[in-house]
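Colleague: Here you go, run19.pdb (PDB, C-alpha atoms and all ligand atoms):
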MODEL        1
ATOM      1  CA  MET S 204      -9.585   7.062 -14.421
ATOM      2  CA  ARG S 205      -7.731   5.705 -11.407
ATOM      3  CA  LYS S 206      -3.987   5.520 -12.007
ATOM      4  CA  PRO S 207      -2.598   2.139 -10.886
ATOM      5  CA  ILE S 208      -0.050   2.069  -8.106
ATOM      6  CA  LEU S 209       2.602  -0.455  -7.131
ATOM      7  CA  ILE S 210       3.995  -0.237  -3.597
ATOM      8  CA  ALA S 211       7.001  -2.150  -2.259
ATOM      9  CA  ASN S 212       6.939  -2.982   1.450
ATOM     10  CA  TRP S 213      10.446  -4.031   2.346
ATOM     11  CA  LYS S 214       9.369  -4.803   5.927
ATOM     12  CA  MET S 215      12.425  -5.238   8.214
ATOM     13  CA  ASN S 216      14.829  -6.259   5.467
ATOM     14  CA  GLY S 217      17.806  -4.715   3.731
ATOM     15  CA  SER S 218      21.240  -3.213   4.273
ATOM     16  CA  LEU S 219      22.991  -0.211   2.775
ATOM     17  CA  HIS S 220      24.709  -2.502   0.322
ATOM     18  CA  SER S 221      21.746  -4.681  -0.681
ATOM     19  CA  ASN S 222      19.354  -1.709  -0.957
ATOM     20  CA  GLN S 223      21.595  -0.020  -3.469
ATOM     21  CA  ALA S 224      22.020  -3.154  -5.579
ATOM     22  CA  LEU S 225      18.266  -3.847  -5.504
ATOM     23  CA  LEU S 226      17.237  -0.308  -6.395
ATOM     24  CA  VAL S 227      19.695   0.075  -9.250
ATOM     25  CA  ARG S 228      18.191  -2.996 -10.913
ATOM     26  CA  ILE S 229      14.594  -2.050 -10.131
ATOM     27  CA  LEU S 230      15.022   1.486 -11.440
ATOM     28  CA  ALA S 231      16.548   0.295 -14.684
ATOM     29  CA  LYS S 232      13.458  -1.789 -15.384
ATOM     30  CA  LEU S 233      10.641   0.206 -13.812
ATOM     31  CA  ARG S 234      11.580   3.797 -14.499
ATOM     32  CA  PRO S 235      10.197   3.677 -18.054
ATOM     33  CA  LEU S 236       6.775   2.801 -16.584
ATOM     34  CA  ARG S 237       6.560   5.850 -14.337
ATOM     35  CA  LYS S 238       4.004   7.660 -16.472
ATOM     36  CA  THR S 239       1.790   4.601 -16.686
ATOM     37  CA  ILE S 240       1.771   3.560 -13.049
ATOM     38  CA  ASP S 241       2.623   5.214  -9.741
ATOM     39  CA  MET S 242       5.327   3.388  -7.788
ATOM     40  CA  ALA S 243       6.584   3.722  -4.252
ATOM     41  CA  ILE S 244       9.275   2.051  -2.165
ATOM     42  CA  CYS S 245       8.745   1.721   1.599
ATOM     43  CA  PRO S 246      12.074   0.818   3.233
ATOM     44  CA  PRO S 247      12.731   0.546   6.983
ATOM     45  CA  PHE S 248      13.089   3.979   8.640
ATOM     46  CA  PRO S 249      16.926   4.035   8.825
ATOM     47  CA  TYR S 250      17.177   3.644   5.053
ATOM     48  CA  LEU S 251      14.749   6.423   4.091
ATOM     49  CA  PHE S 252      17.564   8.848   3.493
ATOM     50  CA  GLN S 253      19.506   6.411   1.317
ATOM     51  CA  VAL S 254      16.465   5.377  -0.696
ATOM     52  CA  ARG S 255      15.350   8.978  -1.151
ATOM     53  CA  ASP S 256      18.724   9.796  -2.676
ATOM     54  CA  LEU S 257      18.689   6.756  -4.935
ATOM     55  CA  LEU S 258      15.145   7.465  -6.128
ATOM     56  CA  GLY S 259      16.036  11.075  -6.818
ATOM     57  CA  TYR S 260      14.011  12.328  -9.776
ATOM     58  CA  THR S 261      13.260   8.903 -11.209
ATOM     59  CA  GLY S 262       9.501   9.342 -10.709
ATOM     60  CA  LEU S 263       9.335   6.574  -8.108
ATOM     61  CA  SER S 264       8.136   7.808  -4.728
ATOM     62  CA  LEU S 265       9.409   7.232  -1.232
ATOM     63  CA  GLY S 266       7.109   5.716   1.377
ATOM     64  CA  ALA S 267       7.312   4.637   5.004
ATOM     65  CA  GLN S 268       5.920   1.612   6.793
ATOM     66  CA  ASN S 269       4.224   3.381   9.695
ATOM     67  CA  ALA S 270       3.912   6.698  11.536
ATOM     68  CA  SER S 271       3.323   7.550  15.167
ATOM     69  CA  VAL S 272      -0.115   8.237  16.620
ATOM     70  CA  ALA S 273       1.391  11.412  18.091
ATOM     71  CA  ALA S 274       2.687  14.553  16.421
ATOM     72  CA  SER S 275       5.793  14.852  18.634
ATOM     73  CA  GLY S 276       7.020  14.532  22.197
ATOM     74  CA  ALA S 277       7.785  11.783  24.704
ATOM     75  CA  HIS S 278       7.276   8.725  22.486
ATOM     76  CA  THR S 279      10.593   6.916  22.589
ATOM     77  CA  GLY S 280      11.155   4.726  19.549
ATOM     78  CA  GLU S 281       8.404   6.309  17.470
ATOM     79  CA  VAL S 282       8.730   8.310  14.245
ATOM     80  CA  SER S 283       6.346  11.183  13.537
ATOM     81  CA  ALA S 284       4.559  11.860  10.279
ATOM     82  CA  THR S 285       6.152  15.286   9.966
ATOM     83  CA  MET S 286       9.601  13.687  10.182
ATOM     84  CA  LEU S 287       8.638  11.315   7.388
ATOM     85  CA  ARG S 288       7.376  14.203   5.317
ATOM     86  CA  GLU S 289      10.618  16.053   5.892
ATOM     87  CA  MET S 290      12.488  12.979   4.640
ATOM     88  CA  GLY S 291      10.558  13.186   1.399
ATOM     89  CA  CYS S 292       7.946  10.485   1.966
ATOM     90  CA  ARG S 293       4.829  10.687  -0.120
ATOM     91  CA  TYR S 294       3.040   7.551   1.105
ATOM     92  CA  VAL S 295       2.838   5.893   4.528
ATOM     93  CA  LEU S 296       1.409   2.441   5.260
ATOM     94  CA  VAL S 297      -0.995   2.425   8.182
ATOM     95  CA  GLY S 298      -2.695  -0.544   9.782
ATOM     96  CA  HIS S 299      -0.560  -3.245   8.170
ATOM     97  CA  SER S 300      -1.741  -6.579   9.548
ATOM     98  CA  GLU S 301       1.699  -7.255  11.043
ATOM     99  CA  ARG S 302       1.327  -4.014  13.037
ATOM    100  CA  ARG S 303      -2.205  -4.910  14.077
ATOM    101  CA  ALA S 304      -1.332  -8.486  15.083
ATOM    102  CA  LEU S 305       2.255  -8.312  16.399
ATOM    103  CA  TYR S 306       2.168  -4.816  17.906
ATOM    104  CA  HIS S 307      -1.486  -4.765  18.933
ATOM    105  CA  GLU S 308      -2.431  -1.649  17.003
ATOM    106  CA  SER S 309      -6.158  -1.183  17.468
ATOM    107  CA  ASP S 310      -8.541   0.267  14.891
ATOM    108  CA  ARG S 311      -8.390   3.528  16.872
ATOM    109  CA  ASP S 312      -4.575   3.565  16.826
ATOM    110  CA  VAL S 313      -4.626   3.017  13.081
ATOM    111  CA  ALA S 314      -7.131   5.849  12.652
ATOM    112  CA  ALA S 315      -4.912   8.178  14.707
ATOM    113  CA  ARG S 316      -1.879   7.281  12.569
ATOM    114  CA  PHE S 317      -3.958   7.834   9.447
ATOM    115  CA  ARG S 318      -4.853  11.320  10.659
ATOM    116  CA  GLN S 319      -1.207  12.163  11.418
ATOM    117  CA  VAL S 320      -0.118  11.085   7.944
ATOM    118  CA  LEU S 321      -2.781  13.157   6.241
ATOM    119  CA  SER S 322      -2.136  16.191   8.431
ATOM    120  CA  ALA S 323       1.529  16.050   7.457
ATOM    121  CA  GLY S 324       0.568  16.203   3.776
ATOM    122  CA  MET S 325       1.169  12.585   2.747
ATOM    123  CA  THR S 326      -1.083   9.850   1.413
ATOM    124  CA  PRO S 327      -1.974   7.091   3.871
ATOM    125  CA  VAL S 328      -2.099   3.560   2.478
ATOM    126  CA  LEU S 329      -4.714   2.052   4.750
ATOM    127  CA  CYS S 330      -4.327  -1.724   5.047
ATOM    128  CA  VAL S 331      -7.469  -3.698   5.767
ATOM    129  CA  GLY S 332      -8.258  -7.373   5.633
ATOM    130  CA  GLU S 333      -9.683 -10.388   7.366
ATOM    131  CA  THR S 334      -8.075 -13.360   9.076
ATOM    132  CA  LEU S 335      -8.683 -16.864   7.768
ATOM    133  CA  GLY S 336     -11.101 -17.524  10.620
ATOM    134  CA  GLU S 337     -13.074 -14.399   9.804
ATOM    135  CA  ARG S 338     -13.311 -15.370   6.143
ATOM    136  CA  GLU S 339     -14.435 -18.893   7.013
ATOM    137  CA  GLN S 340     -17.108 -17.478   9.308
ATOM    138  CA  GLY S 341     -18.386 -15.136   6.596
ATOM    139  CA  GLN S 342     -17.045 -12.119   8.478
ATOM    140  CA  THR S 343     -14.800 -10.707   5.748
ATOM    141  CA  MET S 344     -16.788  -7.556   5.067
ATOM    142  CA  ALA S 345     -17.796  -7.050   8.706
ATOM    143  CA  THR S 346     -14.085  -6.925   9.586
ATOM    144  CA  ILE S 347     -13.154  -4.610   6.731
ATOM    145  CA  GLU S 348     -16.092  -2.291   7.355
ATOM    146  CA  ARG S 349     -15.115  -2.054  11.038
ATOM    147  CA  GLN S 350     -11.547  -1.152  10.035
ATOM    148  CA  LEU S 351     -12.737   1.458   7.523
ATOM    149  CA  GLN S 352     -15.375   2.886   9.846
ATOM    150  CA  ALA S 353     -12.772   3.583  12.543
ATOM    151  CA  VAL S 354     -10.946   5.843  10.104
ATOM    152  CA  ILE S 355     -14.147   7.455   8.839
ATOM    153  CA  ASP S 356     -15.136   8.198  12.456
ATOM    154  CA  GLU S 357     -11.739   9.805  13.075
ATOM    155  CA  THR S 358     -11.311  11.838   9.897
ATOM    156  CA  GLY S 359     -14.538  11.775   7.880
ATOM    157  CA  MET S 360     -15.172  10.421   4.410
ATOM    158  CA  ALA S 361     -13.495  13.269   2.577
ATOM    159  CA  ASP S 362     -10.165  12.374   4.166
ATOM    160  CA  LEU S 363     -10.562   8.659   3.597
ATOM    161  CA  ALA S 364     -11.154   9.460  -0.051
ATOM    162  CA  ALA S 365      -7.674  11.016  -0.169
ATOM    163  CA  SER S 366      -6.030   7.707   0.718
ATOM    164  CA  VAL S 367      -5.132   4.458  -0.991
ATOM    165  CA  ILE S 368      -6.715   1.320   0.431
ATOM    166  CA  ALA S 369      -4.766  -1.921   0.454
ATOM    167  CA  TYR S 370      -6.925  -5.016   0.714
ATOM    168  CA  GLU S 371      -4.658  -7.582   2.323
ATOM    169  CA  PRO S 372      -6.266 -10.776   3.554
ATOM    170  CA  VAL S 373      -4.158 -11.689   6.585
ATOM    171  CA  TRP S 374      -4.051 -15.328   5.542
ATOM    172  CA  ALA S 375      -2.363 -14.414   2.261
ATOM    173  CA  ILE S 376       0.419 -12.188   3.605
ATOM    174  CA  GLY S 377       3.843 -13.784   3.522
ATOM    175  CA  THR S 378       2.254 -17.234   3.397
ATOM    176  CA  GLY S 379       2.574 -17.992  -0.291
ATOM    177  CA  ARG S 380      -1.183 -18.457  -0.288
ATOM    178  CA  THR S 381      -2.868 -15.962  -2.609
ATOM    179  CA  ALA S 382      -6.499 -14.958  -2.740
ATOM    180  CA  THR S 383      -8.078 -15.905  -6.046
ATOM    181  CA  PRO S 384      -8.633 -13.123  -8.589
ATOM    182  CA  GLU S 385     -12.386 -13.650  -8.061
ATOM    183  CA  GLN S 386     -12.099 -13.243  -4.270
ATOM    184  CA  VAL S 387     -10.010 -10.102  -4.695
ATOM    185  CA  SER S 388     -12.280  -8.579  -7.298
ATOM    186  CA  GLU S 389     -15.405  -9.302  -5.276
ATOM    187  CA  THR S 390     -13.954  -7.882  -2.068
ATOM    188  CA  HIS S 391     -12.757  -4.720  -3.808
ATOM    189  CA  ARG S 392     -16.185  -4.267  -5.368
ATOM    190  CA  THR S 393     -17.864  -4.693  -1.993
ATOM    191  CA  ILE S 394     -15.480  -2.186  -0.385
ATOM    192  CA  ARG S 395     -16.413   0.328  -3.111
ATOM    193  CA  GLN S 396     -20.104  -0.292  -2.498
ATOM    194  CA  PHE S 397     -19.639   0.265   1.232
ATOM    195  CA  LEU S 398     -17.795   3.537   0.613
ATOM    196  CA  ASP S 399     -20.344   4.677  -1.967
ATOM    197  CA  GLY S 400     -22.967   4.091   0.708
ATOM    198  CA  CYS S 401     -21.057   6.435   3.008
ATOM    199  CA  GLN S 402     -20.599   9.104   0.356
ATOM    200  CA  ALA S 403     -21.837   8.905  -3.202
ATOM    201  CA  GLY S 404     -18.992   8.309  -5.649
ATOM    202  CA  ALA S 405     -16.320   7.793  -2.958
ATOM    203  CA  GLY S 406     -15.775   4.118  -3.668
ATOM    204  CA  GLU S 407     -15.523   4.635  -7.383
ATOM    205  CA  ALA S 408     -12.863   7.321  -7.006
ATOM    206  CA  LEU S 409     -10.594   5.566  -4.514
ATOM    207  CA  ARG S 410      -7.617   3.422  -5.467
ATOM    208  CA  ILE S 411      -7.828  -0.055  -3.935
ATOM    209  CA  VAL S 412      -4.760  -2.266  -4.297
ATOM    210  CA  TYR S 413      -4.342  -5.924  -3.419
ATOM    211  CA  GLY S 414      -1.581  -7.363  -1.221
ATOM    212  CA  GLY S 415      -0.847 -10.947  -0.249
ATOM    213  CA  SER S 416       1.812 -13.157  -1.841
ATOM    214  CA  VAL S 417       1.727 -11.368  -5.195
ATOM    215  CA  LYS S 418       4.451 -12.783  -7.461
ATOM    216  CA  ALA S 419       5.422 -12.338 -11.067
ATOM    217  CA  SER S 420       3.616 -15.588 -11.841
ATOM    218  CA  ASN S 421       0.218 -14.527 -10.455
ATOM    219  CA  ALA S 422       0.341 -10.745 -10.916
ATOM    220  CA  ALA S 423      -1.310 -10.574 -14.325
ATOM    221  CA  ALA S 424      -4.292 -12.649 -13.178
ATOM    222  CA  LEU S 425      -4.715 -10.604  -9.986
ATOM    223  CA  PHE S 426      -4.433  -7.244 -11.754
ATOM    224  CA  GLN S 427      -6.771  -8.202 -14.574
ATOM    225  CA  SER S 428      -9.909  -7.045 -12.788
ATOM    226  CA  PRO S 429     -10.791  -3.356 -13.257
ATOM    227  CA  GLU S 430     -11.553  -3.371  -9.517
ATOM    228  CA  VAL S 431      -7.854  -3.842  -8.724
ATOM    229  CA  ASP S 432      -5.784  -0.661  -8.943
ATOM    230  CA  GLY S 433      -2.411  -2.200  -8.205
ATOM    231  CA  GLY S 434      -0.495  -4.066  -5.552
ATOM    232  CA  LEU S 435       1.211  -3.828  -2.189
ATOM    233  CA  ILE S 436       4.116  -6.208  -2.511
ATOM    234  CA  GLY S 437       6.114  -7.626   0.393
ATOM    235  CA  GLY S 438       8.469 -10.548  -0.184
ATOM    236  CA  ALA S 439       8.604 -10.238  -3.958
ATOM    237  CA  SER S 440       9.617  -6.572  -3.728
ATOM    238  CA  LEU S 441      13.012  -7.712  -2.410
ATOM    239  CA  GLN S 442      13.811  -9.455  -5.689
ATOM    240  CA  ALA S 443      14.500  -7.046  -8.523
ATOM    241  CA  ASP S 444      13.317  -9.266 -11.362
ATOM    242  CA  GLU S 445      10.169 -10.400  -9.559
ATOM    243  CA  PHE S 446       9.189  -6.862  -8.573
ATOM    244  CA  SER S 447       9.942  -5.472 -12.016
ATOM    245  CA  ASP S 448       7.893  -8.193 -13.673
ATOM    246  CA  ILE S 449       5.001  -7.434 -11.317
ATOM    247  CA  GLY S 450       5.266  -3.772 -12.345
ATOM    248  CA  ALA S 451       5.277  -4.750 -16.008
ATOM    249  CA  ALA S 452       2.206  -6.933 -15.465
ATOM    250  CA  LEU S 453       0.393  -4.022 -13.832
ATOM    251  CA  ALA S 454       1.339  -1.597 -16.592
ATOM    252  CA  SER S 455       0.239  -4.038 -19.271
ATOM    253  CA  THR S 456      -3.301  -4.043 -17.871
ATOM    254  CA  LEU S 457      -3.684  -0.536 -19.226
ATOM    255  CA  ALA S 458      -4.732  -0.110 -22.808
ATOM    256  CA  GLU S 459      -2.649   3.046 -23.251
ATOM    257  CA  ALA S 460       1.020   3.023 -22.282
ATOM    258  CA  ASP S 461       0.825   6.730 -21.566
ATOM    259  CA  CYS S 462      -2.454   7.268 -19.767
ATOM    260  CA  GLU S 463      -3.940  10.658 -19.134
ATOM    261  CA  CYS S 464      -4.025  10.217 -15.367
ATOM    262  CA  ASP S 465      -2.539  12.590 -12.803
ATOM    263  CA  THR S 466       1.169  11.830 -12.786
ATOM    264  CA  LEU S 467       4.057  12.262 -10.453
ATOM    265  CA  ASP S 468       5.796  14.772 -12.595
TER     266      ASP S 468
HETATM  267  C1  LIG C 501       2.793  -7.059   2.675
HETATM  268  O1  LIG C 501       3.772  -7.022   3.422
HETATM  269  O2  LIG C 501       1.989  -6.122   2.693
HETATM  270  C2  LIG C 501       2.614  -8.213   1.803
HETATM  271  C3  LIG C 501       1.591  -8.231   0.983
HETATM  272  O3  LIG C 501       3.559  -9.200   1.885
HETATM  273  P1  LIG C 501       3.736 -10.444   0.864
HETATM  274  O4  LIG C 501       3.687  -9.886  -0.518
HETATM  275  O5  LIG C 501       5.065 -11.017   1.229
HETATM  276  O6  LIG C 501       2.597 -11.380   1.130
ENDMDL
END
Show the structure stored in the file as structure tokens.
Ligand code: PEP

Modeller:
Amino acid sequence: MRKPILIANWKMNGSLHSNQALLVRILAKLRPLRKTIDMAICPPFPYLFQVRDLLGYTGLSLGAQNASVAASGAHTGEVSATMLREMGCRYVLVGHSERRALYHESDRDVAARFRQVLSAGMTPVLCVGETLGEREQGQTMATIERQLQAVIDETGMADLAASVIAYEPVWAIGTGRTATPEQVSETHRTIRQFLDGCQAGAGEALRIVYGGSVKASNAAALFQSPEVDGGLIGGASLQADEFSDIGAALASTLAEADCECDTLD
């Protein structure tokens, strides 16, 4: 059984004061769910230390929003995967559409970052997804397969299988426009089929989460499909009640409150 996972992407938001207030409220509500679902918080780099301390032994994990293509050296402004590991990160987002679009990260760059994250002993959360134009032209899977293939070419299927995939249609991120549960379920299923075609059983084993304007009001419908193993949450992760309600909606999709999946503790 694939254990669901809920990941907060704080993007470039927060302050020492607001982070503390947000996390205290989130932890009070979500900590009891830690055996049912995996949870991770990805703050901006400067707050990793603060968030690591606040998460402590709560069972929620620390994550980062990106990692350098390089292991170390003359890369001013970059942060290496080993540094993130040292800070206690367990997950690292790679290939977020804002990185691909605003900072021109190519499929090859994303694959190199993916490799760095894995080599440092963390789990990459590989973000893939199509633009609105690509969807309208029937290119959704061609785009996603190209993004996945770049990583497979760099690391091989075995390493991809060690990751989490986040399906994030670009047109749904931060726009308030959400993919329908049917669109999400179908795309996840097709991603699994593609991966199974690369290596038997790979697609079935991998966790695929959905991201794109998930809110408390639409979470239950989006998480209902057995194809959907959780969510990558941007804007709503900055509001304690919204994020906690999304977590509760994800946990309630499981028949057993205490599932027999591999846990954090
Ligand atoms: C994201 O940043 O990955 C994301 C899904 O953002 P939002 O939930 O705000 O659409």

Colleague: Exactly which residues make up the result of the PyMOL selection byres (((not hetatm)) within 10 of (chain C and resi 501)) on this file, given as a PyMOL selection string?

Modeller: chain S and resi 210-214+268+296+299-301+330+369-381+413-418+434-441

Colleague: I'd like the neighbourhood of S:Val431 as a list in words, where a residue qualifies if any of its atoms comes within 6 Å (using all atoms listed in the file), though same-chain residues fewer than 3 positions away should be ignored.

Modeller: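 So, after excluding close chain neighbours, the residues are Val412, Phe426 and Ser428 of chain S.
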
Colleague: List as a ChimeraX atom specification the protein and nucleic acid residues near stretch 236-249 of chain S, meaning an atom at most 9 Å away when all atoms listed in the file are counted, but skip any in the same chain fewer than 3 places from it.

Modeller: /S:206-217,222,232-233,252-254,258,261-269,282,287,292-296,433,440,450-451,453-454,457,459-468

Colleague: Name the residues that the PyMOL selection byres (((chain S and resi 227) around 12) and not hetatm) pulls out of this structure, and write them as an MDAnalysis selection string.

Modeller: chainID S and resid 220:226 228:234 254 256:259 261 442:444 447

Colleague: Between atom CA of S:Arg318 and atom CA of S:Thr358, what distance in Å does the model show, to one decimal?

Modeller: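 Between atom CA of S:Arg318 and atom CA of S:Thr358 the gap is 6.5 Å.
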
Colleague: At what distance in Å, to one decimal, does atom CA of S:Thr326 lie from atom CA of S:Ser309?

Modeller: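 Distance between the two atoms: 20.1 Å.
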